[in-house]
Amino acid sequence: MKKRLHLIIVSYPSQLDAMLEEIAHTLARGANEDRVVERAQEASHVRFLIRLWHLRDREIHTVDLVGHGGGGRFQLGDELLFASDGTGLQLIDEWRPFLSEQATLRLLGCSVAERERSLSDARIYDGPKLLRQLHARLGARRRVLAPTRALSPLDYGPRGLSPAARRSLSGSPIPRRKHGRSSQQHVR
């Protein structure tokens, strides 16, 4: 039986970002064989890391992507990774085969699960729509979560998200077992 893994991938933009560095160092203090912290600058790095850990015979049950966000958008490194206009959805198809059947994907960027109007082009980015799109690509037994508020380094500790930050997560429904019980395990 494969050993379960919580894979945390923290954004690593080309220009130093003090907030992301503080979060990465905090999370790294709590890393162990069940919770691994990695860094990524672009989508291909995420695909590589997910595949790498899968090939190391690990069952990836949670993937936390830590980066910048806004309503309906999530940025990793220097690029927009996902947006409610459909940007990046094909990436899920590349990751899906390497995730456990009941995996959780968490987009940990400020207010990703909210709706927001772009000041530059007046488009509306829709967080709930983005989460539904990602969930549809991942599959019914998997979850996609994102925060409804801004996150700061204070929301992270060596063991993961603070209880207040976890309560701000919104997303796809909890997968159910055959007998109606929640199969979600406590994820930090």
# chains A, B, ... in the order shown; residues from 1 in each chain; ligands from 1
>>> residues_around(residues="Gly127 in chain A", least_positions_apart="5", cutoff="6 Å", atoms="only C-alpha atoms", output="PyMOL selection string")
chain A and resi 71-72+112-115
>>> write_last_selection(atoms="N, CA and C atoms", output="PDB file, in the first residue's frame")
ATOM      1  N   GLY A  71     -10.248  37.154  -6.639  1.00  0.00           N
ATOM      2  CA  GLY A  71     -11.488  36.482  -6.986  1.00  0.00           C
ATOM      3  C   GLY A  71     -11.402  35.775  -8.326  1.00  0.00           C
ATOM      4  N   GLY A  72     -11.553  34.439  -8.327  1.00  0.00           N
ATOM      5  CA  GLY A  72     -11.580  33.673  -9.561  1.00  0.00           C
ATOM      6  C   GLY A  72     -10.252  33.512 -10.264  1.00  0.00           C
ATOM      7  N   VAL A 112      -9.436  33.654  -3.567  1.00  0.00           N
ATOM      8  CA  VAL A 112      -9.645  32.957  -4.838  1.00  0.00           C
ATOM      9  C   VAL A 112     -11.107  32.525  -4.993  1.00  0.00           C
ATOM     10  N   ALA A 113     -11.777  32.167  -3.907  1.00  0.00           N
ATOM     11  CA  ALA A 113     -13.151  31.662  -3.980  1.00  0.00           C
ATOM     12  C   ALA A 113     -14.205  32.764  -4.089  1.00  0.00           C
ATOM     13  N   GLU A 114     -13.788  33.997  -4.189  1.00  0.00           N
ATOM     14  CA  GLU A 114     -14.729  35.125  -4.277  1.00  0.00           C
ATOM     15  C   GLU A 114     -14.920  35.574  -5.728  1.00  0.00           C
ATOM     16  N   ARG A 115     -15.897  36.459  -5.940  1.00  0.00           N
ATOM     17  CA  ARG A 115     -16.096  37.104  -7.242  1.00  0.00           C
ATOM     18  C   ARG A 115     -15.414  38.461  -7.190  1.00  0.00           C
TER      19      ARG A 115
END
>>> residues_around(residues="Thr148 in chain A", least_positions_apart="2", cutoff="8 Å", atoms="only C-alpha atoms", output="ChimeraX atom specification")
/A:110-114,146,150,168-170
>>> residues_around(residues="Leu81 in chain A", least_positions_apart="3", cutoff="10 Å", atoms="only C-alpha atoms", output="PyMOL selection string")
chain A and resi 42-43+67+69+73-78+87-89+91
>>> write_last_selection(atoms="N, CA and C atoms", output="PDB file, in the first residue's frame")
ATOM      1  N   GLU A  42       6.438  27.703 -12.245  1.00  0.00           N
ATOM      2  CA  GLU A  42       5.505  27.655 -13.357  1.00  0.00           C
ATOM      3  C   GLU A  42       4.770  26.310 -13.367  1.00  0.00           C
ATOM      4  N   ALA A  43       3.764  26.229 -14.232  1.00  0.00           N
ATOM      5  CA  ALA A  43       2.906  25.038 -14.288  1.00  0.00           C
ATOM      6  C   ALA A  43       3.690  23.760 -14.549  1.00  0.00           C
ATOM      7  N   GLY A  67       0.161  30.630  -3.376  1.00  0.00           N
ATOM      8  CA  GLY A  67       0.586  31.706  -4.266  1.00  0.00           C
ATOM      9  C   GLY A  67      -0.284  32.924  -4.061  1.00  0.00           C
ATOM     10  N   GLY A  69      -3.514  35.352  -5.266  1.00  0.00           N
ATOM     11  CA  GLY A  69      -4.818  35.163  -5.877  1.00  0.00           C
ATOM     12  C   GLY A  69      -5.664  36.401  -5.806  1.00  0.00           C
ATOM     13  N   ARG A  73      -9.137  33.838  -9.595  1.00  0.00           N
ATOM     14  CA  ARG A  73      -7.816  33.736 -10.222  1.00  0.00           C
ATOM     15  C   ARG A  73      -6.800  33.212  -9.216  1.00  0.00           C
ATOM     16  N   PHE A  74      -5.821  32.454  -9.728  1.00  0.00           N
ATOM     17  CA  PHE A  74      -4.725  31.976  -8.893  1.00  0.00           C
ATOM     18  C   PHE A  74      -3.437  32.061  -9.683  1.00  0.00           C
ATOM     19  N   GLN A  75      -2.420  32.682  -9.073  1.00  0.00           N
ATOM     20  CA  GLN A  75      -1.126  32.866  -9.730  1.00  0.00           C
ATOM     21  C   GLN A  75      -0.059  32.077  -9.000  1.00  0.00           C
ATOM     22  N   LEU A  76       0.767  31.389  -9.779  1.00  0.00           N
ATOM     23  CA  LEU A  76       1.902  30.655  -9.236  1.00  0.00           C
ATOM     24  C   LEU A  76       3.149  31.175  -9.943  1.00  0.00           C
ATOM     25  N   GLY A  77       4.157  31.556  -9.175  1.00  0.00           N
ATOM     26  CA  GLY A  77       5.356  32.140  -9.773  1.00  0.00           C
ATOM     27  C   GLY A  77       4.993  33.424 -10.478  1.00  0.00           C
ATOM     28  N   ASP A  78       5.358  33.521 -11.734  1.00  0.00           N
ATOM     29  CA  ASP A  78       5.104  34.735 -12.511  1.00  0.00           C
ATOM     30  C   ASP A  78       3.908  34.602 -13.451  1.00  0.00           C
ATOM     31  N   THR A  87      -8.692  29.652 -18.125  1.00  0.00           N
ATOM     32  CA  THR A  87      -7.231  29.582 -18.134  1.00  0.00           C
ATOM     33  C   THR A  87      -6.745  28.436 -17.247  1.00  0.00           C
ATOM     34  N   GLY A  88      -5.899  27.586 -17.801  1.00  0.00           N
ATOM     35  CA  GLY A  88      -5.220  26.553 -17.035  1.00  0.00           C
ATOM     36  C   GLY A  88      -5.988  25.279 -16.750  1.00  0.00           C
ATOM     37  N   LEU A  89      -7.244  25.197 -17.138  1.00  0.00           N
ATOM     38  CA  LEU A  89      -8.039  24.006 -16.802  1.00  0.00           C
ATOM     39  C   LEU A  89      -7.421  22.720 -17.348  1.00  0.00           C
ATOM     40  N   LEU A  91      -4.468  21.840 -17.308  1.00  0.00           N
ATOM     41  CA  LEU A  91      -3.430  21.344 -16.406  1.00  0.00           C
ATOM     42  C   LEU A  91      -3.967  20.222 -15.508  1.00  0.00           C
TER      43      LEU A  91
END
>>> residues_around(residues="Gln90 in chain A", least_positions_apart="5", cutoff="12 Å", atoms="only C-alpha atoms", output="PDB file with C-alpha atoms, in the first residue's frame")
ATOM      1  CA  ALA A  43       2.906  25.038 -14.288  1.00  0.00           C
ATOM      2  CA  ARG A  47       3.396  18.772 -13.078  1.00  0.00           C
ATOM      3  CA  LEU A  81      -2.163  29.374 -13.351  1.00  0.00           C
ATOM      4  CA  PHE A  82      -5.979  29.243 -13.195  1.00  0.00           C
ATOM      5  CA  ALA A  83      -8.791  31.705 -13.901  1.00  0.00           C
ATOM      6  CA  TRP A  95      -2.230  16.039 -12.853  1.00  0.00           C
ATOM      7  CA  ARG A  96      -5.337  13.872 -12.390  1.00  0.00           C
ATOM      8  CA  GLN A 133     -14.658  24.027 -13.311  1.00  0.00           C
ATOM      9  CA  LEU A 134     -11.626  22.565 -11.562  1.00  0.00           C
ATOM     10  CA  ALA A 136     -15.447  18.924 -12.866  1.00  0.00           C
ATOM     11  CA  ARG A 137     -11.992  18.275 -14.384  1.00  0.00           C
ATOM     12  CA  LEU A 138     -10.672  16.464 -11.290  1.00  0.00           C
TER      13      LEU A 138
END
>>> atom_distance(atom1="CA of Leu131 in chain A", atom2="CA of Val144 in chain A")
6.1 Å
>>> atom_distance(atom1="CA of Leu20 in chain A", atom2="CA of Gly109 in chain A")
10.4 Å
>>> closest_residue(among="A:Arg51, A:Lys3, A:Arg35, A:Arg132", to="Glu94 in chain A", atoms="only C-alpha atoms")
A:Arg51
>>> closest_residue(among="A:Leu99, A:Ala140, A:Ala24, A:Leu119", to="Leu5 in chain A", atoms="only C-alpha atoms")
A:Leu99
>>> select_by_dssp(residues="range 6-68 of chain A", states="strand (DSSP E)", output="PDB file with C-alpha atoms, in the first residue's frame")
ATOM      1  CA  HIS A   6       0.332  15.989   1.581  1.00  0.00           C
ATOM      2  CA  LEU A   7       2.240  17.901  -1.113  1.00  0.00           C
ATOM      3  CA  ILE A   8       2.632  21.634  -0.482  1.00  0.00           C
ATOM      4  CA  ILE A   9       3.944  23.673  -3.415  1.00  0.00           C
ATOM      5  CA  VAL A  10       4.814  27.278  -2.649  1.00  0.00           C
ATOM      6  CA  SER A  11       5.085  29.848  -5.418  1.00  0.00           C
ATOM      7  CA  ARG A  35       4.038  16.571   4.494  1.00  0.00           C
ATOM      8  CA  VAL A  36       6.492  17.728   1.850  1.00  0.00           C
ATOM      9  CA  VAL A  37       7.134  21.380   0.960  1.00  0.00           C
ATOM     10  CA  GLU A  38       8.381  22.147  -2.556  1.00  0.00           C
ATOM     11  CA  ARG A  39       8.792  25.345  -4.607  1.00  0.00           C
ATOM     12  CA  ALA A  40       7.578  26.001  -8.158  1.00  0.00           C
ATOM     13  CA  ARG A  58       3.386   7.983  -2.788  1.00  0.00           C
ATOM     14  CA  GLU A  59      -0.397   8.430  -2.760  1.00  0.00           C
ATOM     15  CA  ILE A  60      -0.919  12.186  -3.112  1.00  0.00           C
ATOM     16  CA  HIS A  61      -4.068  12.900  -1.115  1.00  0.00           C
ATOM     17  CA  THR A  62      -3.697  16.694  -0.796  1.00  0.00           C
ATOM     18  CA  VAL A  63      -2.002  19.273  -3.010  1.00  0.00           C
ATOM     19  CA  ASP A  64      -1.711  22.772  -1.577  1.00  0.00           C
ATOM     20  CA  LEU A  65      -0.689  25.424  -4.072  1.00  0.00           C
ATOM     21  CA  VAL A  66       0.408  28.544  -2.186  1.00  0.00           C
ATOM     22  CA  HIS A  68      -1.171  34.946  -5.003  1.00  0.00           C
TER      23      HIS A  68
END
>>> select_by_dssp(residues="range 2-42 of chain A", states="alpha helix (DSSP H)", output="list of chain:residue names")
A:Ala18, A:Met19, A:Leu20, A:Glu21, A:Glu22, A:Ile23, A:Ala24, A:His25, A:Thr26, A:Leu27, A:Ala28
>>> write_last_selection(atoms="C-alpha atoms", output="PDB file, in the first residue's frame")
ATOM      1  CA  ALA A  18       8.948  38.402   1.183  1.00  0.00           C
ATOM      2  CA  MET A  19       5.465  37.151   2.051  1.00  0.00           C
ATOM      3  CA  LEU A  20       5.833  33.917   0.065  1.00  0.00           C
ATOM      4  CA  GLU A  21       9.347  33.393   1.451  1.00  0.00           C
ATOM      5  CA  GLU A  22       8.061  33.721   5.023  1.00  0.00           C
ATOM      6  CA  ILE A  23       5.236  31.262   4.327  1.00  0.00           C
ATOM      7  CA  ALA A  24       7.638  28.779   2.682  1.00  0.00           C
ATOM      8  CA  HIS A  25      10.056  28.908   5.616  1.00  0.00           C
ATOM      9  CA  THR A  26       7.240  28.513   8.147  1.00  0.00           C
ATOM     10  CA  LEU A  27       5.775  25.502   6.334  1.00  0.00           C
ATOM     11  CA  ALA A  28       9.227  23.937   5.842  1.00  0.00           C
TER      12      ALA A  28
END
>>> closest_residue(among="A:Leu108, A:Phe48, A:Ala103, A:Arg141", to="Tyr156 in chain A", atoms="only C-alpha atoms")
A:Leu108
